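*Asks:* Here you go, input26.cif (mmCIF, C-alpha atoms):
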data_structure
loop_
_atom_site.group_PDB
_atom_site.id
_atom_site.type_symbol
_atom_site.label_atom_id
_atom_site.label_comp_id
_atom_site.auth_asym_id
_atom_site.auth_seq_id
_atom_site.Cartn_x
_atom_site.Cartn_y
_atom_site.Cartn_z
ATOM 1 C CA MET A 146 73.003 133.874 96.317
ATOM 2 C CA LYS A 147 75.217 131.076 97.609
ATOM 3 C CA LEU A 148 77.152 129.065 95.043
ATOM 4 C CA ALA A 149 79.080 125.875 95.807
ATOM 5 C CA ILE A 150 82.174 125.024 93.767
ATOM 6 C CA ILE A 151 83.482 121.466 93.893
ATOM 7 C CA SER A 152 86.366 120.166 91.812
ATOM 8 C CA ASP A 153 88.535 117.218 90.815
ATOM 9 C CA ILE A 154 86.417 114.336 92.072
ATOM 10 C CA HIS A 155 88.334 111.753 90.036
ATOM 11 C CA SER A 156 85.849 108.884 90.434
ATOM 12 C CA ASN A 157 86.057 108.995 94.256
ATOM 13 C CA LEU A 158 82.514 108.085 95.278
ATOM 14 C CA GLU A 159 83.096 108.084 99.040
ATOM 15 C CA ALA A 160 84.473 111.622 98.994
ATOM 16 C CA LEU A 161 81.656 112.900 96.781
ATOM 17 C CA GLU A 162 79.000 111.334 99.011
ATOM 18 C CA ALA A 163 80.590 113.062 102.003
ATOM 19 C CA ALA A 164 80.621 116.358 100.107
ATOM 20 C CA PHE A 165 76.909 116.142 99.390
ATOM 21 C CA GLU A 166 76.209 115.225 102.997
ATOM 22 C CA ASP A 167 77.998 118.420 104.034
ATOM 23 C CA LEU A 168 76.272 120.462 101.324
ATOM 24 C CA GLN A 169 72.841 119.487 102.668
ATOM 25 C CA HIS A 170 73.450 121.880 105.570
ATOM 26 C CA GLN A 171 74.817 124.847 103.565
ATOM 27 C CA SER A 172 71.664 126.206 101.845
ATOM 28 C CA VAL A 173 73.379 126.730 98.491
ATOM 29 C CA ASP A 174 71.423 127.774 95.404
ATOM 30 C CA THR A 175 73.610 126.146 92.729
ATOM 31 C CA ILE A 176 76.452 123.624 92.713
ATOM 32 C CA TYR A 177 79.202 123.761 90.099
ATOM 33 C CA CYS A 178 81.972 121.262 89.393
ATOM 34 C CA THR A 179 85.083 122.628 87.690
ATOM 35 C CA GLY A 180 85.955 119.342 86.039
ATOM 36 C CA ASP A 181 87.791 116.036 86.357
ATOM 37 C CA LEU A 182 84.825 113.935 87.294
ATOM 38 C CA PHE A 183 86.822 110.955 86.026
ATOM 39 C CA GLY A 184 90.109 109.162 86.776
ATOM 40 C CA TYR A 185 92.329 107.854 89.621
ATOM 41 C CA ALA A 186 89.633 106.080 91.717
ATOM 42 C CA ALA A 187 87.243 103.212 90.999
ATOM 43 C CA ASN A 188 83.681 104.587 90.649
ATOM 44 C CA PRO A 189 83.381 106.836 87.577
ATOM 45 C CA ASN A 190 79.799 105.872 86.698
ATOM 46 C CA GLU A 191 78.510 106.198 90.254
ATOM 47 C CA VAL A 192 80.154 109.615 90.580
ATOM 48 C CA ILE A 193 78.594 110.823 87.329
ATOM 49 C CA ASP A 194 75.169 109.501 88.363
ATOM 50 C CA LEU A 195 75.383 111.222 91.757
ATOM 51 C CA LEU A 196 76.360 114.533 90.172
ATOM 52 C CA GLN A 197 73.387 114.304 87.823
ATOM 53 C CA GLN A 198 71.006 113.406 90.655
ATOM 54 C CA ASN A 199 72.101 116.530 92.510
ATOM 55 C CA LYS A 200 71.785 118.727 89.389
ATOM 56 C CA VAL A 201 75.432 119.809 89.508
ATOM 57 C CA LYS A 202 76.557 121.992 86.605
ATOM 58 C CA CYS A 203 79.767 120.305 85.474
ATOM 59 C CA LEU A 204 82.684 121.416 83.330
ATOM 60 C CA MET A 205 85.184 119.367 81.380
ATOM 61 C CA GLY A 206 88.556 118.645 82.975
ATOM 62 C CA ASN A 207 91.688 117.350 81.284
ATOM 63 C CA HIS A 208 91.051 113.785 82.529
ATOM 64 C CA ASP A 209 87.485 113.938 81.208
ATOM 65 C CA TYR A 210 88.805 115.162 77.848
ATOM 66 C CA ALA A 211 91.415 112.392 77.792
ATOM 67 C CA CYS A 212 88.609 109.813 77.633
ATOM 68 C CA PHE A 213 88.196 110.600 73.955
ATOM 69 C CA ASN A 214 91.360 112.525 72.987
ATOM 70 C CA GLN A 215 94.557 110.510 72.622
ATOM 71 C CA ARG A 216 96.782 113.581 72.342
ATOM 72 C CA MET A 217 95.698 114.649 75.818
ATOM 73 C CA VAL A 218 96.487 111.157 77.113
ATOM 74 C CA ASP A 219 99.937 111.254 75.476
ATOM 75 C CA SER A 220 100.746 114.541 77.238
ATOM 76 C CA MET A 221 100.137 113.060 80.695
ATOM 77 C CA VAL A 222 102.466 111.319 83.135
ATOM 78 C CA ARG A 223 102.500 107.519 83.277
ATOM 79 C CA ASN A 224 100.293 107.237 86.372
ATOM 80 C CA SER A 225 97.546 109.324 84.769
ATOM 81 C CA ARG A 226 97.751 107.407 81.488
ATOM 82 C CA GLU A 227 97.424 104.058 83.271
ATOM 83 C CA SER A 228 94.542 105.296 85.419
ATOM 84 C CA ILE A 229 92.641 106.578 82.395
ATOM 85 C CA ALA A 230 93.147 103.338 80.459
ATOM 86 C CA ILE A 231 91.732 101.301 83.346
ATOM 87 C CA THR A 232 88.834 103.524 84.431
ATOM 88 C CA LYS A 233 87.809 104.172 80.843
ATOM 89 C CA ARG A 234 86.937 100.469 80.575
ATOM 90 C CA PHE A 235 84.439 100.908 83.420
ATOM 91 C CA LEU A 236 82.485 103.710 81.729
ATOM 92 C CA THR A 237 78.984 103.041 80.476
ATOM 93 C CA PRO A 238 78.049 104.529 77.079
ATOM 94 C CA GLU A 239 75.876 107.060 78.933
ATOM 95 C CA SER A 240 78.761 108.190 81.139
ATOM 96 C CA PHE A 241 81.103 108.426 78.152
ATOM 97 C CA ASP A 242 78.621 110.616 76.254
ATOM 98 C CA LEU A 243 78.160 112.871 79.263
ATOM 99 C CA LEU A 244 81.925 113.413 79.590
ATOM 100 C CA ARG A 245 82.263 114.053 75.870
ATOM 101 C CA ASN A 246 79.615 116.798 75.987
ATOM 102 C CA LEU A 247 80.795 118.737 79.036
ATOM 103 C CA PRO A 248 81.429 122.456 78.372
ATOM 104 C CA GLY A 249 84.873 124.020 78.642
ATOM 105 C CA PHE A 250 83.664 126.980 80.669
ATOM 106 C CA ILE A 251 80.591 128.464 82.341
ATOM 107 C CA SER A 252 79.852 132.172 82.703
ATOM 108 C CA GLU A 253 76.785 132.928 84.828
ATOM 109 C CA ASN A 254 75.605 134.241 88.185
ATOM 110 C CA GLY A 255 78.438 136.780 88.124
ATOM 111 C CA ILE A 256 81.235 134.193 88.077
ATOM 112 C CA TYR A 257 83.442 132.483 85.502
ATOM 113 C CA LEU A 258 84.410 128.817 85.797
ATOM 114 C CA THR A 259 86.857 126.635 83.910
ATOM 115 C CA HIS A 260 89.118 123.704 84.756
ATOM 116 C CA GLY A 261 92.645 124.969 84.181
ATOM 117 C CA MET A 262 93.472 128.547 83.166
ATOM 118 C CA PRO A 263 90.905 130.975 81.711
ATOM 119 C CA PRO A 264 89.586 131.209 79.118
ATOM 120 C CA GLU A 265 89.395 127.375 78.889
ATOM 121 C CA LEU A 266 92.839 125.794 78.977
ATOM 122 C CA LEU A 267 92.165 122.380 80.477
ATOM 123 C CA ASP A 268 95.698 121.316 81.403
ATOM 124 C CA GLU A 269 97.375 124.566 82.508
ATOM 125 C CA TYR A 270 97.948 124.976 86.247
ATOM 126 C CA MET A 271 97.023 128.372 87.689
ATOM 127 C CA ASP A 272 99.811 128.174 90.259
ATOM 128 C CA MET A 273 102.479 127.606 87.588
ATOM 129 C CA GLN A 274 101.718 130.675 85.461
ATOM 130 C CA SER A 275 103.940 133.718 85.130
ATOM 131 C CA THR A 276 102.698 137.183 86.046
ATOM 132 C CA HIS A 277 102.218 137.962 82.361
ATOM 133 C CA GLU A 278 100.250 134.760 81.746
ATOM 134 C CA LEU A 279 98.035 135.431 84.755
ATOM 135 C CA LYS A 280 97.282 138.950 83.537
ATOM 136 C CA GLN A 281 96.363 137.542 80.122
ATOM 137 C CA GLY A 282 94.047 135.121 81.880
ATOM 138 C CA PHE A 283 92.306 137.972 83.701
ATOM 139 C CA LEU A 284 91.787 139.738 80.355
ATOM 140 C CA SER A 285 89.919 136.697 78.996
ATOM 141 C CA TYR A 286 86.808 137.030 81.207
ATOM 142 C CA PRO A 287 84.804 140.042 82.425
ATOM 143 C CA GLU A 288 83.656 138.766 85.822
ATOM 144 C CA GLN A 289 85.302 139.830 89.059
ATOM 145 C CA VAL A 290 86.013 136.249 90.111
ATOM 146 C CA ALA A 291 86.866 133.032 88.309
ATOM 147 C CA PHE A 292 86.914 129.609 89.930
ATOM 148 C CA VAL A 293 89.212 126.934 88.556
ATOM 149 C CA GLY A 294 90.289 123.389 89.359
ATOM 150 C CA HIS A 295 93.241 121.230 88.272
ATOM 151 C CA THR A 296 95.664 122.250 91.059
ATOM 152 C CA HIS A 297 93.884 120.158 93.751
ATOM 153 C CA LEU A 298 94.760 122.993 96.148
ATOM 154 C CA PHE A 299 92.970 125.964 97.701
ATOM 155 C CA GLU A 300 94.830 128.931 96.231
ATOM 156 C CA VAL A 301 94.104 132.547 95.312
ATOM 157 C CA VAL A 302 95.478 134.873 92.654
ATOM 158 C CA GLU A 303 94.430 138.488 93.146
ATOM 159 C CA LEU A 304 94.753 141.282 90.584
ATOM 160 C CA THR A 305 94.761 144.486 92.617
ATOM 161 C CA GLU A 306 93.367 147.842 91.536
ATOM 162 C CA ILE A 307 96.893 149.016 90.664
ATOM 163 C CA GLY A 308 97.467 145.967 88.444
ATOM 164 C CA LYS A 309 99.659 143.981 90.838
ATOM 165 C CA ILE A 310 99.441 140.189 90.947
ATOM 166 C CA GLU A 311 99.346 138.669 94.427
ATOM 167 C CA LYS A 312 99.351 134.914 95.123
ATOM 168 C CA TYR A 313 98.397 133.352 98.434
ATOM 169 C CA GLU A 314 96.609 130.457 100.099
ATOM 170 C CA PHE A 315 93.469 130.673 102.194
ATOM 171 C CA ASP A 316 94.262 132.203 105.587
ATOM 172 C CA GLY A 317 91.790 130.173 107.614
ATOM 173 C CA TYR A 318 88.412 129.314 106.148
ATOM 174 C CA LYS A 319 86.971 132.623 104.934
ATOM 175 C CA LEU A 320 88.124 135.041 102.257
ATOM 176 C CA ASP A 321 86.489 138.477 101.929
ATOM 177 C CA LEU A 322 86.807 139.758 98.376
ATOM 178 C CA LYS A 323 87.815 143.379 97.806
ATOM 179 C CA SER A 324 85.491 145.266 95.491
ATOM 180 C CA THR A 325 88.509 146.882 93.784
ATOM 181 C CA SER A 326 90.281 143.584 92.989
ATOM 182 C CA ARG A 327 89.684 140.668 90.635
ATOM 183 C CA TYR A 328 90.336 137.034 91.466
ATOM 184 C CA MET A 329 91.176 133.554 90.232
ATOM 185 C CA ILE A 330 90.489 131.008 92.946
ATOM 186 C CA SER A 331 91.282 127.317 92.789
ATOM 187 C CA ALA A 332 88.674 125.161 94.498
ATOM 188 C CA GLY A 333 90.764 122.358 95.975
ATOM 189 C CA SER A 334 89.738 118.764 95.328
ATOM 190 C CA VAL A 335 86.957 116.534 96.565
ATOM 191 C CA GLY A 336 88.521 113.306 95.323
ATOM 192 C CA GLN A 337 92.285 113.725 95.684
ATOM 193 C CA PRO A 338 93.535 116.699 97.745
ATOM 194 C CA ARG A 339 97.241 117.451 97.351
ATOM 195 C CA ASP A 340 97.895 119.472 100.489
ATOM 196 C CA ASP A 341 99.060 116.505 102.630
ATOM 197 C CA ASN A 342 95.638 116.461 104.280
ATOM 198 C CA ARG A 343 93.266 113.490 104.208
ATOM 199 C CA GLU A 344 90.251 115.804 104.368
ATOM 200 C CA ALA A 345 88.474 116.631 101.119
ATOM 201 C CA GLY A 346 86.972 120.054 100.496
ATOM 202 C CA TYR A 347 85.153 122.571 98.343
ATOM 203 C CA LEU A 348 84.228 126.269 98.283
ATOM 204 C CA ILE A 349 81.061 128.300 98.843
ATOM 205 C CA TYR A 350 80.784 131.773 97.338
ATOM 206 C CA ASP A 351 78.212 134.134 98.858
ATOM 207 C CA THR A 352 77.622 136.724 96.135
ATOM 208 C CA GLU A 353 75.726 139.085 98.453
ATOM 209 C CA ILE A 354 78.520 139.609 100.968
ATOM 210 C CA GLN A 355 81.365 138.820 98.526
ATOM 211 C CA GLN A 356 82.797 136.104 100.748
ATOM 212 C CA VAL A 357 84.346 132.747 99.839
ATOM 213 C CA THR A 358 84.244 129.992 102.453
ATOM 214 C CA LYS A 359 86.390 126.862 102.439
ATOM 215 C CA ARG A 360 84.658 123.692 103.642
ATOM 216 C CA THR A 361 86.650 120.580 104.547
ATOM 217 C CA PHE A 362 85.424 117.202 105.798
ATOM 218 C CA ARG A 363 86.516 113.652 106.505
ATOM 219 C CA TYR A 364 85.431 110.647 104.470
ATOM 220 C CA ASN A 365 86.165 106.912 104.305
ATOM 221 C CA VAL A 366 89.626 107.103 102.753
ATOM 222 C CA GLU A 367 90.387 103.448 103.526
ATOM 223 C CA LEU A 368 87.408 102.233 101.496
ATOM 224 C CA THR A 369 88.497 104.349 98.528
ATOM 225 C CA ILE A 370 92.027 102.893 98.761
ATOM 226 C CA ASP A 371 90.669 99.334 98.923
ATOM 227 C CA LYS A 372 88.566 99.956 95.819
ATOM 228 C CA ILE A 373 91.570 101.400 93.968
ATOM 229 C CA LYS A 374 93.580 98.252 94.708
ATOM 230 C CA ALA A 375 90.704 95.911 93.791
ATOM 231 C CA ALA A 376 90.209 97.690 90.453
ATOM 232 C CA GLY A 377 93.861 97.200 89.499
ATOM 233 C CA LEU A 378 94.570 100.926 89.510
ATOM 234 C CA PRO A 379 98.052 102.194 90.443
ATOM 235 C CA GLU A 380 98.530 101.856 94.198
ATOM 236 C CA SER A 381 100.110 105.330 94.216
ATOM 237 C CA ASN A 382 96.612 106.726 93.622
ATOM 238 C CA GLY A 383 95.563 105.468 97.035
ATOM 239 C CA LYS A 384 98.768 106.626 98.734
ATOM 240 C CA ARG A 385 98.375 110.075 97.263
#
Once more with this new file: its structure as structure tokens, please.
*Replies:*
Amino acid sequence: MKLAIISDIHSNLEALEAAFEDLQHQSVDTIYCTGDLFGYAANPNEVIDLLQQNKVKCLMGNHDYACFNQRMVDSMVRNSRESIAITKRFLTPESFDLLRNLPGFISENGIYLTHGMPPELLDEYMDMQSTHELKQGFLSYPEQVAFVGHTHLFEVVELTEIGKIEKYEFDGYKLDLKSTSRYMISAGSVGQPRDDNREAGYLIYDTEIQQVTKRTFRYNVELTIDKIKAAGLPESNGKR
């Protein structure tokens, strides 16, 4: 079985359209989104509609949760708060209800998915956790591999058979999982990568050969930036 994991779209329609164009050639069985459908860019409703049309199984991210939880908004930096206030005004009632009802985690097809840290901490970054906190995260799910979002980076945390925590980035585009290890893997970002690369990306997990593949692709960044400016969103969103 081949599973696609996309993440952190943040209302970026152009990037999501490019992702689905790439996915058409990958023969995946199921597509998951590890949250943050909403925020930063100018097309939240169109993004939600496109995800539904493609039958993507979506999780709740911290920006999605902030649509209806003021305490989450208050915990965010100014840029995020301003972006949420603006893009929230664009949401249709149908889109708002969909975001409100997203699950905090999914456990199926031999994998575990959540937005931040397992079990379902929406606003905790995997790459900022201590060794102890990472080991507690591994204890919270039984599957060999968990996929998360929130970092906007492609990163791996491996728990080895002797209980050692190892952290690393993808070396190239393929990662072969060891049968004796367990993993937390962050799935990058479709809508706003943070690796100083204009290319968006996602992951494919082949459960038969235990291999994770990183896919990256170009999209019309300039159009996304123009839309961000026209919508009155912080210009830093486009620069980022």
*Asks:* So what do you get for CA of Ala187 (chain A) versus CA of Met273 (chain A), distance-wise?
*Replies:*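 It comes out at 29.0 Å.
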*Asks:* Please compute the CA of Leu298 (chain A)-CA of Arg234 (chain A) distance, one decimal, in Å.
*Replies:*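 Answer for the CA of Leu298 (chain A) to CA of Arg234 (chain A) separation: 28.5 Å.
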*Asks:* Which residues of region 172-227 of chain A have any atom within 12 Å of an atom in region 352-365 of chain A when counting only C-alpha atoms, and what is the closest pair of atoms for each, with the distance in Å to one decimal? Order the rows by chain and rising number and write it as CSV.
*Replies:*
residue,atom,partner,partner_atom,distance
A:Val173,CA,A:Thr352,CA,11.1
A:Asp174,CA,A:Thr352,CA,10.9
A:Thr175,CA,A:Thr352,CA,11.8
*Asks:* What lies within 12 Å of Gly206 (chain A) using all atoms listed in the file, ignoring chain neighbours under 6 positions off, as a PyMOL selection string?
*Replies:* chain A and resi 152-155+178-184+212+217+244-250+258-262+265-270+293-296
*Asks:* Can you list, as a PyMOL selection string, the residues that the PyMOL selection byres ((chain A and resi 158-162) around 12) selects here?
*Replies:* chain A and resi 151-157+163-169+178+182-196+198-199+201+334-338+343-347+361-373
*Asks:* For Thr305 (chain A), which of A:Phe235, A:Phe283, A:Phe241, A:Phe213 is the closest residue, counting all atoms listed in the file?
*Replies:*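 Closest to Thr305 (chain A), using all atoms listed in the file: A:Phe283.
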*Asks:* To one decimal place, how far is CA of His297 (chain A) from CA of Arg339 (chain A) in Å?
*Replies:*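 Straight-line distance from CA of His297 (chain A) to CA of Arg339 (chain A) works out to 5.6 Å.
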*Asks:* Please list as a list of chain:residue names every residue within 7 Å of Ile256 (chain A), counting all atoms listed in the file and excluding residues in the same chain fewer than 5 positions away.
*Replies:*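 Residues near the query, excluding close chain neighbours: A:Glu288, A:Val290, A:Ala291.
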*Asks:* Restricting the calculation to all atoms listed in the file: of A:Pro379, A:Gly308, A:Pro264, A:Gly317, which residue gets closest to Lys280 (chain A)?
*Replies:*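 For Lys280 (chain A), the nearest of the given residues is A:Gly308.
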*Asks:* List the residues selected by the PyMOL selection byres ((chain A and resi 316) around 12) in the file shown, writing them as a PyMOL selection string.
*Replies:* chain A and resi 299-301+312-315+317-321+357-359
*Asks:* Put those residues in a file: C-alpha atoms, as a compact mmCIF listing (two decimals), in the coordinates of the input.
*Replies:*
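Heads up, here's the output in result19.txt:
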# COMPACT_ATOMS: atom_id res chain seq x y z
CA PHE A 299 92.97 125.96 97.70
CA GLU A 300 94.83 128.93 96.23
CA VAL A 301 94.10 132.55 95.31
CA LYS A 312 99.35 134.91 95.12
CA TYR A 313 98.40 133.35 98.43
CA GLU A 314 96.61 130.46 100.10
CA PHE A 315 93.47 130.67 102.19
CA GLY A 317 91.79 130.17 107.61
CA TYR A 318 88.41 129.31 106.15
CA LYS A 319 86.97 132.62 104.93
CA LEU A 320 88.12 135.04 102.26
CA ASP A 321 86.49 138.48 101.93
CA VAL A 357 84.35 132.75 99.84
CA THR A 358 84.24 129.99 102.45
CA LYS A 359 86.39 126.86 102.44
*Asks:* Output, as JSON, the centre and edge lengths in Å (one decimal) of the axis-aligned box that contains all listed atoms of region 294-313 of chain A with 8 Å of margin on each side.
*Replies:*
{"center_x": 95.0, "center_y": 134.6, "center_z": 93.4, "size_x": 25.4, "size_y": 44.9, "size_z": 26.2}
*Asks:* Between A:Glu380, A:Gly333, A:Glu311, A:Gln197, which has the minimum distance to Glu239 (chain A) (counting all atoms listed in the file)?
*Replies:*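 Going through A:Glu380, A:Gly333, A:Glu311, A:Gln197 one by one, the smallest distance to Glu239 (chain A) is for A:Gln197.
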*Asks:* Given only C-alpha atoms as the basis, pick out the residue of A:Glu303, A:Asp209, A:Asp219, A:Asp242 nearest to Asp272 (chain A).
*Replies:*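 Once distances to Asp272 (chain A) are computed over only C-alpha atoms, the minimum belongs to A:Glu303.
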*Asks:* Counting only C-alpha atoms, figure out which residue out of A:Asn224, A:Glu278, A:Leu204, A:Tyr210 gets nearest to Gly383 (chain A).
*Replies:*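 Ranked by minimum distance to Gly383 (chain A), first place goes to A:Asn224.
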